[in-house]
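The structure appears below as structure tokens.
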Amino acid sequence: MNGPSAVQAPVGTHDVLAPDSARWQFLIATFADWARRYDFSLIINPLFEDVAVFNRGIGEASEMATKEMYVFSDRGGRTLALRPEGTASVVRAFVQHRPATPYKAWYVTPAFRYERPQKGRYRQHHQLGVEALGTDDPSLDVEVVSLAWRFYAALGLTRVRLLINSMGHPECRGAYVAVLTDYLAAHEAEICDEHRPTWRTNPLRVLDCKKDACVALTTVGPMLIEHLCHECATHFAQVRSGLAAIGIASELNPRLVRGFDYYTRTTFEFVSDALESAQNAVGGGGRYDTLVEQLGGPPTSGIGFGSGIERLLLVLEAEGVTVPVASLDAFVVDTCDEDATSPLVDELRRAGLSVGRAYDARSMKAQMKAADRSGARYALLVGPREQAAGEVTMRDLRGDQSAGQVTLSRDAVVAHVTDLVKKRL
RNA sequence: GUGGGCGUAGCUCAGUUGGUUAGAGCGCCAGGUUGUGGUCCUGGAGGUCGCGGGUUCGACCCCCGUCGCUCACCCCA
């Protein structure tokens, strides 16, 4: 390597190649299927937005907005940001296009945050999620949560738990924050070293703190769940009973406070007991009944959830879930006539089969080796003998040790192999 | 943003107190078998030992810097 030094992916990003990419396909296809069953349509948003979309959405006081966003100026002087999460863009698109409500959309997208990478945390990670706008019916909260729940189950995960809480709406939360502020002010000396100087900026963050000092303090302090107004308390009760009615166990966690300012009422998080690290959250979400207005739309309720693909893959591995890997149906081995290979391969592919072949006119032994490594079910051999007789030799590569082979006429081979493959499905 | 660990072949890793041409397994290519994979045998290709500087007669090894990877804190998915 005397040429230019090799380039590599930026810090905190990663490439996904086969065979790992098969697990991504499985995740995305499974999620798309469940989103379809729940009547969600696909939405595709830009990866970058006017920075105001995210600032107004996730809150200027949040860590993500202040320290973690990829903000840049384009050549036209616009201040843009790479999306750090999925919700704000969907809501922005809703405000801009005003689809009929209820509007239910699913997405899969990269998300960008400038953080130090570690296990399960990247500067570009990927999320699957849904958003549902246009009603605050608790049945919709139940649907969004259960979609996530059923999706995790469909992946084969058994150790995911649902934590749930209610953030109230702005009025009852505001009243609670006043109570909490008084409480924290009276016990300021007991707050952990990190939050003592900053707790007034966002008192709710103290609830989220994992340090012993803050945990001890807030466990006995006032809880938001106890200060909900009648409407919010009723709504939350309906969500929980709705989940129970379809057999989904939700654990009330009054300390659950998620990182974005836009959340109201129902807030939830899925954690995996299979992950021991601090990155045990595989997904989360909640209701955001003021976000549409903050982005300039009419008063519109919304709820959504997002799940990190990289996190899900960690959990799949931790739980020992294996993912089906598609292999080739056939591999064409041709030592005779390169010009005859392409039509045969083409016919097989048009018949719906996945077909591999060798290149560079390699020896039959080399091509057979390639056929074996490709995982193909059948090898289709065309040598001078078959060529002269108008035949193809079909060899079963995955049968018993004594795999047999048969000779077929060239005209019948495509239909024959197609039948065999379809019978196995 | 803070702190720890690690960078040797495509991959996983050896490499003695600092001493000549840096090794293994797997993978890859070819041959053994001039028409047959998965087992076996033989051979081959592939490395500026992350990069730069320093110490030394001599550095993969020691020192400094740098880049990268990784783990944890923080935050989150």
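Chain labels A, B, ... are given in the sequence in which chains occur in the structure tokens; within each chain residues are numbered consecutively from 1, and ligands are likewise numbered from 1 in the order shown.
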Report task. Provide as a PyMOL selection string the residues of chain A at most 8 Å from chain B, counting only C-alpha atoms (C1' of nucleotides). Result -> chain A and resi 63+118-119+121+125-127+259+279+281-283+306-311+364-365+368-372+383+397
Requested in this report: Write down as a list in words the residues of region 293-353 of chain A whose backbone DSSP state falls under helix (DSSP H, G or I).
Outcome: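 Answer for region 293-353 of chain A, restricted to helix (DSSP H, G or I): Glu293, Gln294, Ile309, Glu310, Arg311, Leu312, Leu313, Leu314, Val315, Leu316, Glu317, Ala318, Glu338, Asp339, Ala340, Thr341, Ser342, Pro343, Leu344, Val345, Asp346, Glu347, Leu348, Arg349 and Arg350 of chain A.
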Requested in this report: Output as an MDAnalysis selection string all residues of region 160-271 of chain A that backbone DSSP marks as strand (DSSP E).
Outcome: chainID A and resid 160:166 250:252 264:271
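The list of residues with at least one atom within 7 Å of region 70-73 of chain A, based on only C-alpha atoms (C1' of nucleotides) and without residues fewer than 6 positions apart in the same chain, reads Thr79, Leu80, Ala81, Leu82, Phe112, Arg113 and Tyr114 of chain A.
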Resulting file, chosen residues, all heavy atoms, as a PDB file, in the first residue's frame:
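selection_6.pdb, written as the output of this step:
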```pdb
ATOM      1  N   THR A  79     -29.228  27.667   8.311  1.00  0.00           N
ATOM      2  CA  THR A  79     -28.699  26.880   9.431  1.00  0.00           C
ATOM      3  C   THR A  79     -29.509  25.595   9.549  1.00  0.00           C
ATOM      4  O   THR A  79     -30.701  25.625   9.840  1.00  0.00           O
ATOM      5  CB  THR A  79     -28.768  27.674  10.744  1.00  0.00           C
ATOM      6  OG1 THR A  79     -28.041  28.886  10.569  1.00  0.00           O
ATOM      7  CG2 THR A  79     -28.154  26.871  11.878  1.00  0.00           C
ATOM      8  N   LEU A  80     -28.855  24.494   9.277  1.00  0.00           N
ATOM      9  CA  LEU A  80     -29.514  23.194   9.202  1.00  0.00           C
ATOM     10  C   LEU A  80     -28.932  22.254  10.262  1.00  0.00           C
ATOM     11  O   LEU A  80     -27.850  22.507  10.785  1.00  0.00           O
ATOM     12  CB  LEU A  80     -29.312  22.587   7.810  1.00  0.00           C
ATOM     13  CG  LEU A  80     -29.772  23.472   6.641  1.00  0.00           C
ATOM     14  CD1 LEU A  80     -29.272  22.916   5.321  1.00  0.00           C
ATOM     15  CD2 LEU A  80     -31.292  23.587   6.627  1.00  0.00           C
ATOM     16  N   ALA A  81     -29.673  21.206  10.532  1.00  0.00           N
ATOM     17  CA  ALA A  81     -29.161  20.202  11.473  1.00  0.00           C
ATOM     18  C   ALA A  81     -29.536  18.821  10.970  1.00  0.00           C
ATOM     19  O   ALA A  81     -30.629  18.606  10.444  1.00  0.00           O
ATOM     20  CB  ALA A  81     -29.729  20.427  12.870  1.00  0.00           C
ATOM     21  N   LEU A  82     -28.610  17.874  11.140  1.00  0.00           N
ATOM     22  CA  LEU A  82     -28.903  16.464  10.860  1.00  0.00           C
ATOM     23  C   LEU A  82     -29.886  15.985  11.925  1.00  0.00           C
ATOM     24  O   LEU A  82     -29.732  16.300  13.103  1.00  0.00           O
ATOM     25  CB  LEU A  82     -27.614  15.646  10.941  1.00  0.00           C
ATOM     26  CG  LEU A  82     -26.862  15.294   9.673  1.00  0.00           C
ATOM     27  CD1 LEU A  82     -26.976  16.374   8.605  1.00  0.00           C
ATOM     28  CD2 LEU A  82     -25.407  15.001   9.975  1.00  0.00           C
ATOM     29  N   PHE A 112     -28.555  11.239  14.127  1.00  0.00           N
ATOM     30  CA  PHE A 112     -27.176  11.704  14.311  1.00  0.00           C
ATOM     31  C   PHE A 112     -27.039  12.482  15.619  1.00  0.00           C
ATOM     32  O   PHE A 112     -27.783  13.426  15.866  1.00  0.00           O
ATOM     33  CB  PHE A 112     -26.782  12.619  13.144  1.00  0.00           C
ATOM     34  CG  PHE A 112     -26.950  11.980  11.798  1.00  0.00           C
ATOM     35  CD1 PHE A 112     -28.167  12.065  11.128  1.00  0.00           C
ATOM     36  CD2 PHE A 112     -25.916  11.277  11.206  1.00  0.00           C
ATOM     37  CE1 PHE A 112     -28.334  11.464   9.890  1.00  0.00           C
ATOM     38  CE2 PHE A 112     -26.082  10.669   9.969  1.00  0.00           C
ATOM     39  CZ  PHE A 112     -27.291  10.762   9.308  1.00  0.00           C
ATOM     40  N   ARG A 113     -26.098  12.072  16.426  1.00  0.00           N
ATOM     41  CA  ARG A 113     -25.819  12.808  17.664  1.00  0.00           C
ATOM     42  C   ARG A 113     -24.320  12.797  17.895  1.00  0.00           C
ATOM     43  O   ARG A 113     -23.683  11.747  17.835  1.00  0.00           O
ATOM     44  CB  ARG A 113     -26.535  12.150  18.855  1.00  0.00           C
ATOM     45  CG  ARG A 113     -28.042  12.159  18.694  1.00  0.00           C
ATOM     46  CD  ARG A 113     -28.747  11.430  19.822  1.00  0.00           C
ATOM     47  NE  ARG A 113     -30.115  11.126  19.431  1.00  0.00           N
ATOM     48  CZ  ARG A 113     -30.948  10.364  20.145  1.00  0.00           C
ATOM     49  NH1 ARG A 113     -30.545   9.845  21.282  1.00  0.00           N
ATOM     50  NH2 ARG A 113     -32.165  10.132  19.725  1.00  0.00           N
ATOM     51  N   TYR A 114     -23.786  13.975  18.189  1.00  0.00           N
ATOM     52  CA  TYR A 114     -22.341  14.074  18.412  1.00  0.00           C
ATOM     53  C   TYR A 114     -22.033  13.689  19.851  1.00  0.00           C
ATOM     54  O   TYR A 114     -22.149  14.496  20.755  1.00  0.00           O
ATOM     55  CB  TYR A 114     -21.854  15.493  18.112  1.00  0.00           C
ATOM     56  CG  TYR A 114     -20.352  15.586  18.090  1.00  0.00           C
ATOM     57  CD1 TYR A 114     -19.650  15.356  16.920  1.00  0.00           C
ATOM     58  CD2 TYR A 114     -19.638  15.854  19.248  1.00  0.00           C
ATOM     59  CE1 TYR A 114     -18.274  15.404  16.904  1.00  0.00           C
ATOM     60  CE2 TYR A 114     -18.258  15.906  19.239  1.00  0.00           C
ATOM     61  CZ  TYR A 114     -17.579  15.676  18.065  1.00  0.00           C
ATOM     62  OH  TYR A 114     -16.214  15.716  18.044  1.00  0.00           O
TER      63      TYR A 114
END
```
Requested in this report: Using only C-alpha atoms (C1' of nucleotides), determine which residues lie at most 12 Å from C67 (chain B), disregarding the query and same-chain residues fewer than 2 positions distant; provide the list as a PyMOL selection string.
Outcome: (chain A and resi 7-8+10-11) or (chain B and resi 7+50-52+65+69)
Long-range neighbours of Ala132 (chain A) as an mmCIF file with N, CA and C atoms, in the first residue's frame, 6 Å cut-off, only C-alpha atoms (C1' of nucleotides), 4 positions minimum in chain:
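The new file selection_15.cif reads:
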```cif
data_model
loop_
_atom_site.group_PDB
_atom_site.id
_atom_site.type_symbol
_atom_site.label_atom_id
_atom_site.label_comp_id
_atom_site.auth_asym_id
_atom_site.auth_seq_id
_atom_site.Cartn_x
_atom_site.Cartn_y
_atom_site.Cartn_z
ATOM 1 N N TYR A 103 -53.543 10.620 11.477
ATOM 2 C CA TYR A 103 -52.434 10.331 10.565
ATOM 3 C C TYR A 103 -51.463 9.403 11.279
ATOM 4 N N LYS A 104 -51.267 8.218 10.706
ATOM 5 C CA LYS A 104 -50.427 7.204 11.345
ATOM 6 C C LYS A 104 -49.310 6.806 10.389
ATOM 7 N N GLY A 302 -50.549 14.073 19.565
ATOM 8 C CA GLY A 302 -49.724 13.099 18.864
ATOM 9 C C GLY A 302 -49.067 12.158 19.843
ATOM 10 N N ILE A 303 -48.721 10.987 19.333
ATOM 11 C CA ILE A 303 -47.984 10.025 20.154
ATOM 12 C C ILE A 303 -47.130 9.183 19.225
#
```
Report summary line: The residue from A:Val421, A:Ala361, A:Leu162, A:Val90 with the smallest atom-to-atom distance to Ala376 (chain A), counting only C-alpha atoms, is A:Val421
